[in-house]
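K.L.:
Following this line is run37.cif, made up of mmCIF, C-alpha atoms and all ligand atoms:
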```
data_coords
#
loop_
_atom_site.label_atom_id
_atom_site.label_comp_id
_atom_site.auth_asym_id
_atom_site.auth_seq_id
_atom_site.Cartn_x
_atom_site.Cartn_y
_atom_site.Cartn_z
CA MET A 1091 -33.58 -145.48 -52.30
CA LYS A 1092 -31.67 -142.33 -53.12
CA ASP A 1093 -34.89 -140.33 -52.78
CA LYS A 1094 -35.72 -141.96 -49.49
CA GLY A 1095 -32.39 -140.86 -48.00
CA TRP A 1096 -32.92 -137.35 -49.26
CA PHE A 1097 -36.45 -137.37 -47.84
CA SER A 1098 -35.41 -138.56 -44.37
CA ARG A 1099 -32.59 -136.05 -44.29
CA ASN A 1100 -35.05 -133.26 -45.12
CA ILE A 1101 -37.50 -134.28 -42.40
CA ARG A 1102 -34.64 -134.24 -39.89
CA LYS A 1103 -33.45 -130.88 -41.22
CA ASN A 1104 -36.97 -129.38 -41.02
CA ARG A 1105 -37.43 -130.67 -37.47
CA ARG A 1106 -34.11 -129.08 -36.46
CA ILE A 1107 -35.22 -125.76 -37.99
CA TYR A 1108 -38.57 -125.89 -36.14
CA ALA A 1109 -36.77 -126.69 -32.88
CA ILE A 1110 -34.44 -123.71 -33.38
CA ILE A 1111 -37.42 -121.41 -34.13
CA TYR A 1112 -39.32 -122.59 -31.01
CA ILE A 1113 -36.25 -122.15 -28.82
CA SER A 1114 -35.81 -118.63 -30.24
CA TYR A 1115 -39.45 -117.79 -29.39
CA ILE A 1116 -39.02 -119.13 -25.85
CA LEU A 1117 -35.78 -117.17 -25.37
CA ILE A 1118 -37.32 -113.91 -26.66
CA LEU A 1119 -40.45 -114.36 -24.52
CA SER A 1120 -38.37 -115.25 -21.44
CA GLY A 1121 -36.21 -112.14 -22.00
CA LEU A 1122 -39.33 -110.05 -22.45
CA ALA A 1123 -40.96 -111.49 -19.29
CA LEU A 1124 -37.79 -110.78 -17.32
CA TYR A 1125 -37.59 -107.21 -18.63
CA TYR A 1126 -41.24 -106.53 -17.80
CA ARG A 1127 -40.87 -108.01 -14.32
CA ASN A 1128 -37.88 -105.75 -13.63
CA MET A 1129 -39.79 -102.76 -15.00
CA SER A 1130 -42.70 -103.55 -12.69
CA GLU A 1131 -40.35 -103.46 -9.73
CA LYS A 1132 -38.70 -100.20 -10.77
CA THR A 1133 -39.57 -96.94 -9.04
CA PHE A 1134 -40.28 -94.14 -11.48
CA VAL A 1135 -40.11 -90.47 -10.60
CA ALA A 1136 -42.19 -87.66 -12.01
CA ARG A 1137 -40.53 -84.43 -11.04
CA ALA A 1138 -41.07 -80.82 -12.00
CA GLU A 1139 -40.44 -77.34 -10.72
CA VAL A 1140 -43.62 -75.34 -10.41
CA ALA A 1141 -42.29 -73.08 -13.14
CA GLU A 1142 -41.84 -76.06 -15.47
CA MET A 1143 -45.29 -77.40 -14.84
CA THR A 1144 -47.55 -77.26 -17.85
CA GLU A 1145 -51.24 -77.96 -18.17
CA ASP A 1146 -50.32 -81.40 -19.45
CA GLY A 1147 -48.49 -82.15 -16.27
CA VAL A 1148 -45.15 -83.66 -15.45
CA PRO A 1149 -43.36 -85.82 -18.00
CA VAL A 1150 -42.04 -89.02 -16.47
CA GLU A 1151 -39.30 -91.54 -17.18
CA ASP A 1152 -41.87 -94.23 -17.85
CA PRO A 1153 -40.88 -95.87 -21.20
CA ARG A 1154 -44.50 -95.88 -22.30
CA GLU A 1155 -44.27 -92.09 -22.60
CA GLY A 1156 -47.35 -91.45 -20.53
CA VAL A 1157 -47.56 -88.41 -18.26
CA VAL A 1158 -48.44 -88.35 -14.62
CA ILE A 1159 -49.95 -85.03 -13.70
CA LEU A 1160 -49.82 -83.33 -10.40
CA GLY A 1161 -52.27 -80.49 -10.74
CA ASN A 1162 -53.25 -78.10 -7.96
CA ARG A 1163 -55.82 -75.50 -7.10
CA SER A 1164 -55.86 -73.40 -4.05
CA LYS A 1165 -58.02 -71.14 -1.95
CA GLU A 1166 -56.66 -68.86 0.68
CA TRP A 1167 -58.01 -66.75 3.52
CA SER A 1168 -56.76 -64.65 6.38
CA GLU A 1169 -59.70 -64.45 8.80
CA GLY A 1170 -60.72 -66.68 11.66
CA LEU A 1171 -57.35 -68.32 12.03
CA THR A 1172 -55.67 -69.66 15.15
CA PRO A 1173 -53.62 -66.90 16.78
CA GLY A 1174 -50.07 -66.86 15.40
CA PHE A 1175 -51.14 -67.85 11.86
CA ASN A 1176 -51.90 -65.37 9.14
CA LYS A 1177 -52.86 -67.57 6.20
CA GLY A 1178 -55.22 -70.44 5.63
CA MET A 1179 -54.83 -72.34 2.32
CA GLU A 1180 -56.61 -75.20 0.66
CA TYR A 1181 -54.83 -77.30 -1.89
CA ASP A 1182 -56.30 -79.84 -4.26
CA PHE A 1183 -53.98 -82.19 -6.02
CA ILE A 1184 -54.73 -84.61 -8.82
CA ILE A 1185 -52.74 -87.58 -10.06
CA LYS A 1186 -53.79 -88.35 -13.61
CA ASN A 1187 -52.46 -91.61 -14.85
CA ASN A 1188 -51.93 -91.31 -18.58
CA THR A 1189 -49.35 -94.09 -18.73
CA GLY A 1190 -50.22 -97.47 -20.21
CA GLY A 1191 -50.07 -99.30 -16.89
CA ASP A 1192 -51.58 -99.08 -13.42
CA ILE A 1193 -49.71 -96.97 -10.90
CA ARG A 1194 -49.18 -98.50 -7.47
CA GLU A 1195 -47.24 -97.82 -4.30
CA TRP A 1196 -47.23 -94.13 -5.14
CA GLU A 1197 -45.98 -91.36 -2.95
CA ALA A 1198 -46.29 -87.65 -3.75
CA GLU A 1199 -43.79 -85.17 -2.42
CA ILE A 1200 -44.51 -81.44 -2.58
CA SER A 1201 -41.94 -79.02 -1.27
CA PHE A 1202 -42.79 -75.68 0.31
CA ALA A 1203 -40.64 -72.74 1.23
CA SER A 1204 -41.30 -72.47 4.98
CA GLU A 1205 -43.12 -73.94 7.93
CA TYR A 1206 -46.81 -74.73 7.99
CA VAL A 1207 -49.31 -76.89 9.86
CA ILE A 1208 -51.77 -79.31 8.31
CA ASP A 1209 -55.20 -78.38 9.55
CA SER A 1210 -57.16 -81.09 7.76
CA SER A 1211 -56.69 -83.41 4.78
CA TRP A 1212 -58.53 -85.93 2.61
CA ASN A 1213 -57.71 -88.96 0.57
CA GLY A 1214 -54.30 -89.83 1.79
CA ILE A 1215 -51.87 -90.16 4.64
CA TYR A 1216 -49.95 -86.95 5.10
CA GLY A 1217 -46.62 -86.19 6.60
CA VAL A 1218 -44.29 -83.22 6.83
CA GLY A 1219 -40.57 -83.65 6.31
CA SER A 1220 -37.73 -81.65 7.92
CA ASP A 1221 -37.26 -79.49 4.79
CA HIS A 1222 -40.96 -78.45 4.75
CA SER A 1223 -41.84 -81.05 2.14
CA LEU A 1224 -45.29 -82.53 2.29
CA THR A 1225 -45.58 -86.26 1.63
CA VAL A 1226 -48.80 -87.99 0.66
CA LYS A 1227 -49.38 -91.75 0.41
CA PRO A 1228 -52.60 -93.51 -0.49
CA ASP A 1229 -54.98 -94.45 2.34
CA ASP A 1230 -54.90 -98.02 1.18
CA PRO A 1231 -51.35 -98.94 0.04
CA THR A 1232 -52.64 -101.91 -1.97
CA LYS A 1233 -54.88 -99.68 -4.09
CA SER A 1234 -53.52 -98.59 -7.43
CA VAL A 1235 -54.50 -95.84 -9.83
CA ALA A 1236 -55.60 -97.57 -12.98
CA SER A 1237 -54.39 -96.45 -16.37
CA GLY A 1238 -56.53 -93.53 -17.61
CA GLU A 1239 -57.93 -92.81 -14.14
CA GLU A 1240 -57.15 -90.09 -11.65
CA LYS A 1241 -56.77 -89.75 -7.92
CA LYS A 1242 -57.67 -86.57 -6.04
CA PHE A 1243 -56.38 -85.59 -2.66
CA GLY A 1244 -55.92 -82.39 -0.78
CA LEU A 1245 -55.44 -80.53 2.48
CA VAL A 1246 -55.98 -77.36 4.36
CA MET A 1247 -52.83 -75.87 5.79
CA ILE A 1248 -52.21 -72.84 7.97
CA SER A 1249 -49.04 -70.84 8.06
CA ASP A 1250 -47.73 -67.46 9.12
CA LYS A 1251 -47.40 -66.50 5.42
CA GLU A 1252 -48.58 -67.54 1.99
CA GLN A 1253 -47.27 -70.94 0.83
CA LYS A 1254 -46.81 -71.99 -2.75
CA PRO A 1255 -45.47 -75.35 -3.80
CA LYS A 1256 -41.93 -75.20 -5.23
CA GLU A 1257 -41.50 -78.64 -6.63
CA TYR A 1258 -43.62 -81.68 -7.25
CA ARG A 1259 -42.37 -85.23 -7.17
CA LEU A 1260 -44.28 -88.42 -7.61
CA TYR A 1261 -42.62 -91.75 -6.88
CA TYR A 1262 -44.50 -94.76 -8.13
CA LYS A 1263 -44.27 -98.27 -9.41
CA SER A 1264 -46.08 -99.21 -12.56
CA ASP A 1265 -47.54 -102.50 -13.72
CA PHE A 1266 -45.82 -103.62 -16.90
CA ARG A 1267 -47.64 -106.51 -18.52
CA ILE A 1268 -45.97 -108.59 -21.20
CA THR A 1269 -49.22 -108.39 -23.17
CA ASP A 1270 -48.65 -104.62 -23.49
CA ALA A 1271 -45.68 -105.29 -25.79
CA PRO A 1272 -46.53 -105.40 -29.51
CA ILE A 1273 -43.63 -107.83 -30.01
CA PHE A 1274 -45.40 -110.28 -27.66
CA TRP A 1275 -48.37 -110.46 -30.01
CA LEU A 1276 -46.06 -110.65 -33.03
CA ILE A 1277 -44.24 -113.61 -31.51
CA LEU A 1278 -47.52 -115.19 -30.50
CA ALA A 1279 -48.81 -114.83 -34.08
CA ALA A 1280 -45.51 -116.15 -35.45
CA ALA A 1281 -45.68 -119.10 -33.04
CA VAL A 1282 -49.24 -119.93 -34.13
CA ILE A 1283 -48.16 -119.76 -37.78
CA THR A 1284 -45.08 -121.91 -37.08
CA VAL A 1285 -47.15 -124.51 -35.24
CA THR A 1286 -49.68 -124.59 -38.11
CA VAL A 1287 -46.92 -124.93 -40.71
CA CYS A 1288 -45.16 -127.57 -38.60
CA ILE A 1289 -48.34 -129.64 -38.18
CA THR A 1290 -49.18 -129.33 -41.90
CA ASP A 1291 -45.63 -130.33 -42.75
CA GLU A 1292 -45.75 -133.32 -40.43
CA VAL A 1293 -49.15 -134.45 -41.79
CA ASN A 1294 -47.84 -134.09 -45.36
CA ASN A 1295 -44.68 -135.99 -44.45
CA ARG A 1296 -46.74 -138.82 -43.03
CA ARG A 1297 -48.96 -138.92 -46.09
CA TYR A 1298 -45.91 -138.82 -48.33
CA ARG A 1299 -44.22 -141.62 -46.40
CA LYS A 1300 -47.39 -143.72 -46.67
CA LEU A 1301 -47.62 -142.99 -50.38
CA ARG A 1302 -43.97 -143.87 -50.91
CA LYS A 1303 -44.37 -147.12 -49.03
CA TRP A 1304 -47.37 -147.95 -51.14
CA GLN A 1305 -45.45 -146.96 -54.28
CA GLU A 1306 -42.52 -149.15 -53.27
CA GLU A 1307 -44.86 -152.07 -52.69
CA ILE A 1308 -46.38 -151.60 -56.16
CA GLN A 1309 -42.85 -151.30 -57.58
CA ASP A 1310 -41.88 -154.57 -55.89
CA ILE A 1311 -44.96 -156.30 -57.24
CA LEU A 1312 -44.14 -154.99 -60.72
CA LEU A 1313 -40.51 -156.05 -60.51
CA GLU A 1314 -41.43 -159.50 -59.27
CA SER A 1315 -44.13 -159.89 -61.96
CA PHE A 1316 -41.76 -158.86 -64.71
CA SER A 1317 -38.98 -161.07 -63.34
CA THR A 1318 -41.43 -163.96 -63.27
CA PHE A 1319 -42.35 -163.30 -66.90
CA ALA A 1320 -38.66 -163.10 -67.79
CA ASN A 1321 -38.05 -166.43 -66.02
CA ILE A 1322 -40.96 -167.98 -67.94
CA ILE A 1323 -39.42 -166.73 -71.22
CA ASP A 1324 -35.93 -167.97 -70.29
CA ALA A 1325 -37.32 -171.31 -69.06
CA LYS A 1326 -38.51 -172.00 -72.61
CA ASP A 1327 -34.87 -172.01 -73.72
CA PRO A 1328 -32.71 -173.77 -71.13
CA TYR A 1329 -29.52 -172.54 -72.85
CA THR A 1330 -30.33 -168.90 -72.24
CA GLN A 1331 -30.76 -168.87 -68.45
CA GLY A 1332 -30.89 -165.31 -67.12
CA HIS A 1333 -30.71 -163.87 -70.65
CA SER A 1334 -33.71 -161.56 -70.30
CA LEU A 1335 -32.51 -160.13 -66.98
CA ARG A 1336 -29.00 -159.49 -68.34
CA VAL A 1337 -30.32 -157.86 -71.52
CA ALA A 1338 -32.59 -155.68 -69.36
CA GLU A 1339 -29.61 -154.68 -67.20
CA TYR A 1340 -27.38 -153.86 -70.19
CA ALA A 1341 -30.16 -151.88 -71.87
CA ARG A 1342 -30.65 -149.87 -68.66
CA LEU A 1343 -26.92 -149.15 -68.40
CA ILE A 1344 -26.81 -147.99 -72.04
CA ALA A 1345 -29.88 -145.78 -71.49
CA GLY A 1346 -28.22 -144.30 -68.40
CA ARG A 1347 -25.18 -143.27 -70.45
CA MET A 1348 -27.46 -141.89 -73.15
CA GLY A 1349 -28.83 -139.44 -70.60
CA TYR A 1350 -32.17 -141.12 -69.84
CA SER A 1351 -33.70 -140.08 -66.52
CA ASP A 1352 -33.97 -142.60 -63.65
CA THR A 1353 -37.63 -143.24 -64.48
CA GLU A 1354 -36.87 -143.73 -68.18
CA GLN A 1355 -34.00 -146.10 -67.35
CA GLU A 1356 -36.45 -148.10 -65.24
CA ARG A 1357 -38.82 -148.25 -68.20
CA VAL A 1358 -36.02 -149.45 -70.48
CA TYR A 1359 -35.23 -152.15 -67.90
CA TRP A 1360 -38.84 -153.44 -67.89
CA ILE A 1361 -38.95 -153.40 -71.70
CA GLY A 1362 -35.62 -155.28 -71.90
CA MET A 1363 -37.00 -157.97 -69.61
CA LEU A 1364 -39.86 -158.79 -71.94
CA HIS A 1365 -38.09 -158.31 -75.29
CA ASP A 1366 -38.18 -162.06 -76.04
CA ILE A 1367 -41.72 -162.66 -74.75
CA GLY A 1368 -42.67 -163.88 -78.24
CA LYS A 1369 -40.58 -167.01 -77.58
CA ILE A 1370 -43.41 -168.43 -75.50
CA GLY A 1371 -45.26 -168.83 -78.82
CA ILE A 1372 -42.45 -170.90 -80.39
CA THR A 1373 -42.53 -174.65 -80.06
CA ASP A 1374 -40.11 -176.17 -77.56
CA VAL A 1375 -38.87 -178.62 -80.21
CA ILE A 1376 -37.23 -175.79 -82.10
CA LEU A 1377 -36.21 -173.67 -79.10
CA GLN A 1378 -34.62 -176.60 -77.30
CA LYS A 1379 -33.15 -178.28 -80.37
CA PRO A 1380 -29.52 -179.20 -79.78
CA GLY A 1381 -27.41 -178.09 -82.73
CA ARG A 1382 -27.89 -175.56 -85.47
CA LEU A 1383 -31.34 -174.79 -86.89
CA ASP A 1384 -32.26 -175.39 -90.53
CA ASN A 1385 -33.74 -172.57 -92.63
CA SER A 1386 -37.37 -173.37 -91.91
CA GLU A 1387 -36.72 -173.69 -88.17
CA TYR A 1388 -34.83 -170.42 -88.28
CA SER A 1389 -37.80 -168.75 -90.05
CA THR A 1390 -40.09 -170.09 -87.33
CA ILE A 1391 -37.90 -168.75 -84.55
CA GLN A 1392 -37.83 -165.35 -86.28
CA THR A 1393 -41.58 -165.07 -85.81
CA HIS A 1394 -41.00 -164.51 -82.05
CA VAL A 1395 -40.65 -160.76 -82.72
CA ASP A 1396 -44.12 -160.53 -84.36
CA ILE A 1397 -45.63 -162.73 -81.66
CA GLY A 1398 -44.00 -160.56 -78.99
CA GLY A 1399 -45.23 -157.35 -80.65
CA GLU A 1400 -48.73 -158.81 -80.80
CA ILE A 1401 -48.71 -159.98 -77.16
CA LEU A 1402 -47.62 -156.56 -75.92
CA LYS A 1403 -49.57 -154.31 -78.29
CA ASP A 1404 -52.20 -153.45 -75.68
CA PHE A 1405 -49.66 -152.80 -72.91
CA LYS A 1406 -50.20 -149.03 -73.04
CA ALA A 1407 -49.06 -148.31 -69.48
CA LEU A 1408 -45.44 -148.90 -70.49
CA PRO A 1409 -44.81 -146.96 -73.70
CA ASP A 1410 -42.59 -148.66 -76.31
CA ILE A 1411 -42.74 -152.10 -74.69
CA ALA A 1412 -44.26 -153.61 -77.86
CA ASP A 1413 -41.57 -151.88 -79.98
CA GLY A 1414 -38.82 -153.50 -77.88
CA ALA A 1415 -40.23 -156.96 -78.60
CA GLN A 1416 -41.19 -156.26 -82.23
CA TYR A 1417 -38.04 -154.54 -83.54
CA HIS A 1418 -35.07 -155.84 -81.53
CA HIS A 1419 -33.88 -158.00 -84.44
CA GLU A 1420 -34.02 -155.20 -87.03
CA ARG A 1421 -30.60 -154.16 -88.34
CA TRP A 1422 -29.24 -150.66 -88.91
CA ASP A 1423 -28.68 -151.53 -92.64
CA GLY A 1424 -32.28 -152.76 -93.03
CA LYS A 1425 -31.33 -156.44 -93.38
CA GLY A 1426 -32.88 -157.53 -90.10
CA TYR A 1427 -36.33 -158.96 -89.40
CA SER A 1428 -39.25 -158.88 -89.49
CA LYS A 1429 -40.22 -155.41 -90.79
CA HIS A 1430 -36.85 -154.59 -92.43
CA LEU A 1431 -36.68 -151.14 -90.92
CA ALA A 1432 -33.35 -149.31 -91.23
CA GLY A 1433 -31.42 -146.64 -89.36
CA LYS A 1434 -33.49 -144.36 -87.19
CA GLU A 1435 -36.75 -145.86 -88.50
CA ILE A 1436 -36.04 -148.52 -85.89
CA PRO A 1437 -37.33 -147.25 -82.54
CA GLU A 1438 -34.43 -146.25 -80.26
CA ILE A 1439 -35.49 -148.73 -77.56
CA ALA A 1440 -35.14 -151.59 -80.10
CA ARG A 1441 -31.70 -150.34 -81.24
CA ILE A 1442 -30.55 -150.33 -77.59
CA ILE A 1443 -31.97 -153.81 -76.90
CA CYS A 1444 -30.50 -155.17 -80.16
CA ILE A 1445 -26.95 -154.34 -78.96
CA ALA A 1446 -27.60 -155.58 -75.40
CA ASP A 1447 -29.19 -158.77 -76.77
CA SER A 1448 -26.38 -159.50 -79.25
CA PHE A 1449 -23.66 -158.94 -76.65
CA ASP A 1450 -25.32 -161.33 -74.20
CA ALA A 1451 -25.97 -163.90 -76.94
CA MET A 1452 -22.27 -163.86 -77.83
CA THR A 1453 -20.99 -164.01 -74.26
CA SER A 1454 -23.37 -166.83 -73.22
CA PRO A 1455 -22.76 -170.49 -74.06
CA ARG A 1456 -24.88 -172.20 -76.71
CA VAL A 1457 -25.47 -175.89 -77.12
CA TYR A 1458 -23.38 -175.87 -80.28
CA ARG A 1459 -20.58 -173.59 -78.95
CA LYS A 1460 -18.94 -172.27 -75.84
CA ALA A 1461 -19.39 -168.68 -74.68
CA LEU A 1462 -17.37 -166.27 -76.83
CA SER A 1463 -14.92 -163.99 -75.07
CA VAL A 1464 -15.85 -160.45 -74.05
CA ASP A 1465 -13.01 -159.15 -76.25
CA PHE A 1466 -14.40 -160.99 -79.23
CA ALA A 1467 -17.94 -159.73 -78.57
CA ARG A 1468 -16.56 -156.21 -78.18
CA SER A 1469 -14.74 -156.41 -81.54
CA GLU A 1470 -17.88 -157.80 -83.20
CA LEU A 1471 -19.91 -154.83 -81.94
CA VAL A 1472 -17.29 -152.42 -83.28
CA LYS A 1473 -17.07 -154.30 -86.58
CA CYS A 1474 -20.83 -154.32 -87.10
CA ALA A 1475 -21.44 -150.69 -86.03
CA GLY A 1476 -23.25 -149.07 -88.93
CA THR A 1477 -24.31 -152.38 -90.52
CA GLN A 1478 -26.04 -154.43 -87.84
CA PHE A 1479 -25.93 -151.92 -84.98
CA ASP A 1480 -26.63 -148.24 -84.43
CA PRO A 1481 -23.15 -146.69 -84.82
CA GLU A 1482 -23.92 -144.10 -82.16
CA ILE A 1483 -24.96 -146.62 -79.50
CA VAL A 1484 -22.12 -149.14 -80.08
CA PRO A 1485 -19.47 -146.78 -78.57
CA ILE A 1486 -21.65 -146.45 -75.48
CA MET A 1487 -21.77 -150.25 -75.02
CA VAL A 1488 -18.03 -150.47 -75.75
CA GLY A 1489 -17.48 -147.80 -73.08
CA LEU A 1490 -19.47 -149.90 -70.58
CA ILE A 1491 -17.36 -152.97 -71.46
CA ASP A 1492 -14.10 -151.03 -71.16
CA ASP A 1493 -15.22 -149.61 -67.80
CA GLY A 1494 -15.98 -153.14 -66.53
CA LYS A 1495 -19.70 -152.38 -66.12
CA VAL A 1496 -20.62 -155.28 -68.44
CA PRO A 1497 -20.83 -158.21 -68.59
CA VAL A 1498 -22.66 -158.67 -65.29
CA ASN A 1499 -23.10 -161.83 -63.30
CA LEU A 1500 -26.63 -161.62 -61.91
CA GLU A 1501 -26.14 -164.71 -59.74
CA GLU A 1502 -23.54 -162.95 -57.59
FE FE A 1601 -34.91 -162.09 -79.57
#
```
Write the structure described by the file as structure tokens, please.

P.N.:
Amino acid sequence: MKDKGWFSRNIRKNRRIYAIIYISYILILSGLALYYRNMSEKTFVARAEVAEMTEDGVPVEDPREGVVILGNRSKEWSEGLTPGFNKGMEYDFIIKNNTGGDIREWEAEISFASEYVIDSSWNGIYGVGSDHSLTVKPDDPTKSVASGEEKKFGLVMISDKEQKPKEYRLYYKSDFRITDAPIFWLILAAAVITVTVCITDEVNNRRYRKLRKWQEEIQDILLESFSTFANIIDAKDPYTQGHSLRVAEYARLIAGRMGYSDTEQERVYWIGMLHDIGKIGITDVILQKPGRLDNSEYSTIQTHVDIGGEILKDFKALPDIADGAQYHHERWDGKGYSKHLAGKEIPEIARIICIADSFDAMTSPRVYRKALSVDFARSELVKCAGTQFDPEIVPIMVGLIDDGKVPVNLEE
């Protein structure tokens, strides 16, 4: 259950993180879209004195660092002119769009030193301002100059003297597309990756949840099967009701304090439940006999450890389960039964169960005596540490008693 809580918390945490990431993407993209919309509405100016003009053209304020060029060529002549004019001049201008976006709503402004008259013109709508500046707009105001393309226009002007442009200006708006921004593609790629990771995560979570549910069902089946077995064992001996379950619980608590992992404690619990399984091979006459047993009956009852070991010997899925049944009546000093093992020859699981078993036997009523007090059982454990019981495990059980962890009442 502890894991389940952790798992649910993590799913919630992950979902919160994904939500924050998506919101961040949306905020960045919205900011970017807003910026690009404003940029598209902005009027840029390319401006240069004739003296500053290079072959590359006029640098502009456009953040894409493109250049918009206003180039010019001219012819001039003095013959055949309308009386009063001395010079005829032809100008060709070029707008080269080297910026990353299309140029639209452009207007060129070329200033001249003195008066002149436009004789003819092409590609544009021309006007002359009060300060002798020539303005040129596109014929079709909806037509833009695409990125990388150029627009040519020109005119023939007549004047009383030679005219040379002083300054060029080009006002224009430029199309900024969000797709031009490298960060847009980065965010798009990041979003695709996030979505992929999120979907994978969600699919894995679902699979994991399904697996956990299935695992919990199996666990329930196991627990109920083992409890049923334990009830069968305890039903053989009406004076030891709940004995197997209590021994299992005590053994698990001891294992917990010995540093066993959760899974190992679970294993110890299962093994504790079936430690007396051999009793199903002992006749009811002896098991249910009121009063003390004679020597031969006692010898018969002792065989339950060998029977138990034999019953469980092929139960390989739960390591040590046969050892729990076979050796839980061995004593630390070697005077137990049935194999007379001593000290650490006795498997640890059996040494744990031995203490759990003895404590429950003492604190449960028998047909020939009442239940002994917890204090008495505690003192017996201490007294027999190193003879009957593992002297290192007894203090652990005593600690559990002193902390009120045992005995337990499983009917509560
Ligand atoms: Fe036993």

K.L.:
Using all atoms listed in the file, determine which residues fall within 12 Å of ligand FE 1601 (chain A), then list them as a PyMOL selection string.

P.N.:
chain A and resi 1323-1324+1327+1330+1333-1334+1337+1362-1370+1372+1377+1391-1399+1414-1420+1426-1428+1440+1443-1448+1450-1451

K.L.:
Give me a file of those residues, with C-alpha atoms, as a PDB file, in the frame of the given file.

P.N.:
```
ATOM      1  CA  ILE A1323     -39.420-166.730 -71.220  1.00  0.00           C
ATOM      2  CA  ASP A1324     -35.930-167.970 -70.290  1.00  0.00           C
ATOM      3  CA  ASP A1327     -34.870-172.010 -73.720  1.00  0.00           C
ATOM      4  CA  THR A1330     -30.330-168.900 -72.240  1.00  0.00           C
ATOM      5  CA  HIS A1333     -30.710-163.870 -70.650  1.00  0.00           C
ATOM      6  CA  SER A1334     -33.710-161.560 -70.300  1.00  0.00           C
ATOM      7  CA  VAL A1337     -30.320-157.860 -71.520  1.00  0.00           C
ATOM      8  CA  GLY A1362     -35.620-155.280 -71.900  1.00  0.00           C
ATOM      9  CA  MET A1363     -37.000-157.970 -69.610  1.00  0.00           C
ATOM     10  CA  LEU A1364     -39.860-158.790 -71.940  1.00  0.00           C
ATOM     11  CA  HIS A1365     -38.090-158.310 -75.290  1.00  0.00           C
ATOM     12  CA  ASP A1366     -38.180-162.060 -76.040  1.00  0.00           C
ATOM     13  CA  ILE A1367     -41.720-162.660 -74.750  1.00  0.00           C
ATOM     14  CA  GLY A1368     -42.670-163.880 -78.240  1.00  0.00           C
ATOM     15  CA  LYS A1369     -40.580-167.010 -77.580  1.00  0.00           C
ATOM     16  CA  ILE A1370     -43.410-168.430 -75.500  1.00  0.00           C
ATOM     17  CA  ILE A1372     -42.450-170.900 -80.390  1.00  0.00           C
ATOM     18  CA  LEU A1377     -36.210-173.670 -79.100  1.00  0.00           C
ATOM     19  CA  ILE A1391     -37.900-168.750 -84.550  1.00  0.00           C
ATOM     20  CA  GLN A1392     -37.830-165.350 -86.280  1.00  0.00           C
ATOM     21  CA  THR A1393     -41.580-165.070 -85.810  1.00  0.00           C
ATOM     22  CA  HIS A1394     -41.000-164.510 -82.050  1.00  0.00           C
ATOM     23  CA  VAL A1395     -40.650-160.760 -82.720  1.00  0.00           C
ATOM     24  CA  ASP A1396     -44.120-160.530 -84.360  1.00  0.00           C
ATOM     25  CA  ILE A1397     -45.630-162.730 -81.660  1.00  0.00           C
ATOM     26  CA  GLY A1398     -44.000-160.560 -78.990  1.00  0.00           C
ATOM     27  CA  GLY A1399     -45.230-157.350 -80.650  1.00  0.00           C
ATOM     28  CA  GLY A1414     -38.820-153.500 -77.880  1.00  0.00           C
ATOM     29  CA  ALA A1415     -40.230-156.960 -78.600  1.00  0.00           C
ATOM     30  CA  GLN A1416     -41.190-156.260 -82.230  1.00  0.00           C
ATOM     31  CA  TYR A1417     -38.040-154.540 -83.540  1.00  0.00           C
ATOM     32  CA  HIS A1418     -35.070-155.840 -81.530  1.00  0.00           C
ATOM     33  CA  HIS A1419     -33.880-158.000 -84.440  1.00  0.00           C
ATOM     34  CA  GLU A1420     -34.020-155.200 -87.030  1.00  0.00           C
ATOM     35  CA  GLY A1426     -32.880-157.530 -90.100  1.00  0.00           C
ATOM     36  CA  TYR A1427     -36.330-158.960 -89.400  1.00  0.00           C
ATOM     37  CA  SER A1428     -39.250-158.880 -89.490  1.00  0.00           C
ATOM     38  CA  ALA A1440     -35.140-151.590 -80.100  1.00  0.00           C
ATOM     39  CA  ILE A1443     -31.970-153.810 -76.900  1.00  0.00           C
ATOM     40  CA  CYS A1444     -30.500-155.170 -80.160  1.00  0.00           C
ATOM     41  CA  ILE A1445     -26.950-154.340 -78.960  1.00  0.00           C
ATOM     42  CA  ALA A1446     -27.600-155.580 -75.400  1.00  0.00           C
ATOM     43  CA  ASP A1447     -29.190-158.770 -76.770  1.00  0.00           C
ATOM     44  CA  SER A1448     -26.380-159.500 -79.250  1.00  0.00           C
ATOM     45  CA  ASP A1450     -25.320-161.330 -74.200  1.00  0.00           C
ATOM     46  CA  ALA A1451     -25.970-163.900 -76.940  1.00  0.00           C
TER      47      ALA A1451
END
```

K.L.:
Between A:Ile1248, A:Glu1438, A:Ser1264, A:Val1457, single out the one closest to Gly1170 of chain A, counting all atoms listed in the file.

P.N.:
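Between A:Ile1248, A:Glu1438, A:Ser1264, A:Val1457, the residue approaching Gly1170 of chain A most closely is A:Ile1248.
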
K.L.:
Please identify all polymer residues within 9 Å of Asn1187 of chain A, counting only C-alpha atoms, omitting same-chain residues fewer than 2 positions from it, and present them as a count of residues only.

P.N.:
17

K.L.:
Can you tell me which residues surround segment 1134-1141 of chain A at a distance of at most 10 Å, considering only C-alpha atoms, apart from same-chain residues fewer than 5 positions away, and format the answer as an NGL selection string?

P.N.:
:A and (1129 or 1147-1153 or 1157-1160 or 1193 or 1196-1201 or 1254-1264)

K.L.:
Would you mind telling me which residue in A:Lys1251, A:Arg1102, A:Lys1165, A:Lys1495 lies nearest to Arg1342 of chain A when using all atoms listed in the file?

P.N.:
A:Lys1495
